[in-house]
Amino acid sequence: MIKKILKVLKQFEGNVVTYSRAGGGAGSILLIKSQNNISLWIWCYWEISHSDDLLATADDDTTAITGNIAVAARQLEGKVIKWIKIDPDYYHLRIGFDDDYELFVGCESQPPEEDFPLDNWELYNKNTKIKYIVGCDFSIKERR
């Protein structure tokens with residue numbers, strides 16, 4: 001399954017981010033969409049940095065429009081996705097953008113007290129209508 005997700009991640013590279021939002025009613029959930037109809041939903045911990053300066057993390061102020069999360073997420077819009085690295089064991093992501101922006105996505109394990117299965121992130125290709133979901137049990141599910 002990792003080979004399939006790598007193929008879609010490679011299609012994400014080289015594309016312009018057309019939409020990037022978090023904060024407000026969505027809390028720390030981060031959504032990034034690219035010009036070629038691939039989107040990345042992130043429900044787990046993440047960090048956005050610029051030139052090694054940390055701009056925001058999933059734990060920061062979620063105030064709509066003006067909070068750290070909302071401001072940092074919007075800064076990715078219009079940026080080209082230069083490279084993507086994935087940890088093959090825990091599916092952490094590192095995504096590099098032009099102008100020295102970087103997104104780190106740190107997958108989390110399922111909390112023992114949580115009865116409902118949680119997800120870390122989802123990669124969706126609108127062209128093929130296939131999504132890959134990385135769960136908090138570090139599994140990958142493919143859905144059509």
# chains A, B, ... in the order shown; residues from 1 in each chain; ligands from 1
call {"tool": "residues_around", "arguments": {"residues": "Glu108 of chain A", "least_positions_apart": "4", "cutoff": "9 Å", "atoms": "only C-alpha atoms", "output": "PDB file with N, CA, C and O atoms, in the first residue's frame"}}
result
ATOM      1  N   CYS A  44      -3.754  15.171  12.600  1.00  0.00           N
ATOM      2  CA  CYS A  44      -2.795  14.925  13.679  1.00  0.00           C
ATOM      3  C   CYS A  44      -1.921  16.170  13.897  1.00  0.00           C
ATOM      4  O   CYS A  44      -2.195  17.244  13.372  1.00  0.00           O
ATOM      5  N   TYR A  45      -0.852  16.008  14.637  1.00  0.00           N
ATOM      6  CA  TYR A  45       0.059  17.114  14.931  1.00  0.00           C
ATOM      7  C   TYR A  45       0.796  17.549  13.670  1.00  0.00           C
ATOM      8  O   TYR A  45       1.238  16.716  12.869  1.00  0.00           O
ATOM      9  N   TYR A  90       6.069   5.047  10.319  1.00  0.00           N
ATOM     10  CA  TYR A  90       4.998   5.745  11.037  1.00  0.00           C
ATOM     11  C   TYR A  90       4.257   6.758  10.172  1.00  0.00           C
ATOM     12  O   TYR A  90       3.358   7.426  10.654  1.00  0.00           O
ATOM     13  N   HIS A  92       5.021   9.682   9.055  1.00  0.00           N
ATOM     14  CA  HIS A  92       5.221  11.115   9.226  1.00  0.00           C
ATOM     15  C   HIS A  92       5.566  11.680   7.845  1.00  0.00           C
ATOM     16  O   HIS A  92       6.218  11.006   7.038  1.00  0.00           O
ATOM     17  N   ASP A 119      -7.993   9.042  12.698  1.00  0.00           N
ATOM     18  CA  ASP A 119      -7.096   9.087  11.545  1.00  0.00           C
ATOM     19  C   ASP A 119      -6.061  10.185  11.745  1.00  0.00           C
ATOM     20  O   ASP A 119      -6.324  11.194  12.406  1.00  0.00           O
ATOM     21  N   ASN A 120      -4.880   9.984  11.128  1.00  0.00           N
ATOM     22  CA  ASN A 120      -3.823  10.992  11.161  1.00  0.00           C
ATOM     23  C   ASN A 120      -3.931  11.940   9.971  1.00  0.00           C
ATOM     24  O   ASN A 120      -3.996  13.135  10.133  1.00  0.00           O
ATOM     25  N   GLY A 135      -4.287   5.802   9.464  1.00  0.00           N
ATOM     26  CA  GLY A 135      -4.949   5.750  10.767  1.00  0.00           C
ATOM     27  C   GLY A 135      -3.975   5.877  11.917  1.00  0.00           C
ATOM     28  O   GLY A 135      -2.757   5.767  11.754  1.00  0.00           O
ATOM     29  N   CYS A 136      -4.540   6.096  13.103  1.00  0.00           N
ATOM     30  CA  CYS A 136      -3.726   6.182  14.315  1.00  0.00           C
ATOM     31  C   CYS A 136      -3.187   4.825  14.755  1.00  0.00           C
ATOM     32  O   CYS A 136      -2.431   4.737  15.710  1.00  0.00           O
ATOM     33  N   ASP A 137      -3.585   3.772  14.041  1.00  0.00           N
ATOM     34  CA  ASP A 137      -2.998   2.451  14.270  1.00  0.00           C
ATOM     35  C   ASP A 137      -1.863   2.205  13.269  1.00  0.00           C
ATOM     36  O   ASP A 137      -1.364   1.097  13.149  1.00  0.00           O
ATOM     37  N   PHE A 138      -1.470   3.256  12.538  1.00  0.00           N
ATOM     38  CA  PHE A 138      -0.393   3.245  11.550  1.00  0.00           C
ATOM     39  C   PHE A 138      -0.668   2.284  10.399  1.00  0.00           C
ATOM     40  O   PHE A 138       0.233   1.666   9.844  1.00  0.00           O
TER      41      PHE A 138
END
call {"tool": "select_by_dssp", "arguments": {"residues": "chain A", "states": "strand (DSSP E or B)", "output": "count of residues only"}}
result
62
call {"tool": "residues_around", "arguments": {"residues": "Ser20 of chain A", "least_positions_apart": "5", "cutoff": "12 Å", "atoms": "only C-alpha atoms", "output": "list of chain:residue names"}}
result
A:Ile29, A:Leu30, A:Leu31, A:Ile32, A:Lys33, A:Ser34, A:Gln35, A:Ser39, A:Leu40, A:Trp41, A:Ile42, A:Ile48, A:Ile69, A:Ala70, A:Val71, A:Ala72, A:Ala73, A:Arg74, A:Gln75, A:Leu76, A:Glu77, A:Gly78, A:Lys79, A:Leu103
call {"tool": "closest_residue", "arguments": {"among": "A:Val16, A:Leu6, A:Ala26, A:Met1", "to": "Phe97 of chain A", "atoms": "only C-alpha atoms"}}
result
A:Val16
call {"tool": "closest_residue", "arguments": {"among": "A:Cys107, A:Ala22, A:Ile38, A:Ile86", "to": "Lys131 of chain A", "atoms": "only C-alpha atoms"}}
result
A:Ile38
call {"tool": "residues_around", "arguments": {"residues": "Arg144 of chain A", "least_positions_apart": "6", "cutoff": "9 Å", "atoms": "only C-alpha atoms", "output": "count of residues only"}}
result
4
call {"tool": "residues_around", "arguments": {"residues": "Lys141 of chain A", "least_positions_apart": "5", "cutoff": "7 Å", "atoms": "only C-alpha atoms", "output": "list of chain:residue names"}}
result
A:Tyr132, A:Ile133, A:Val134
call {"tool": "atom_distance", "arguments": {"atom1": "atom CA of Asn127 of chain A", "atom2": "atom CA of Gly23 of chain A"}}
result
27.2 Å
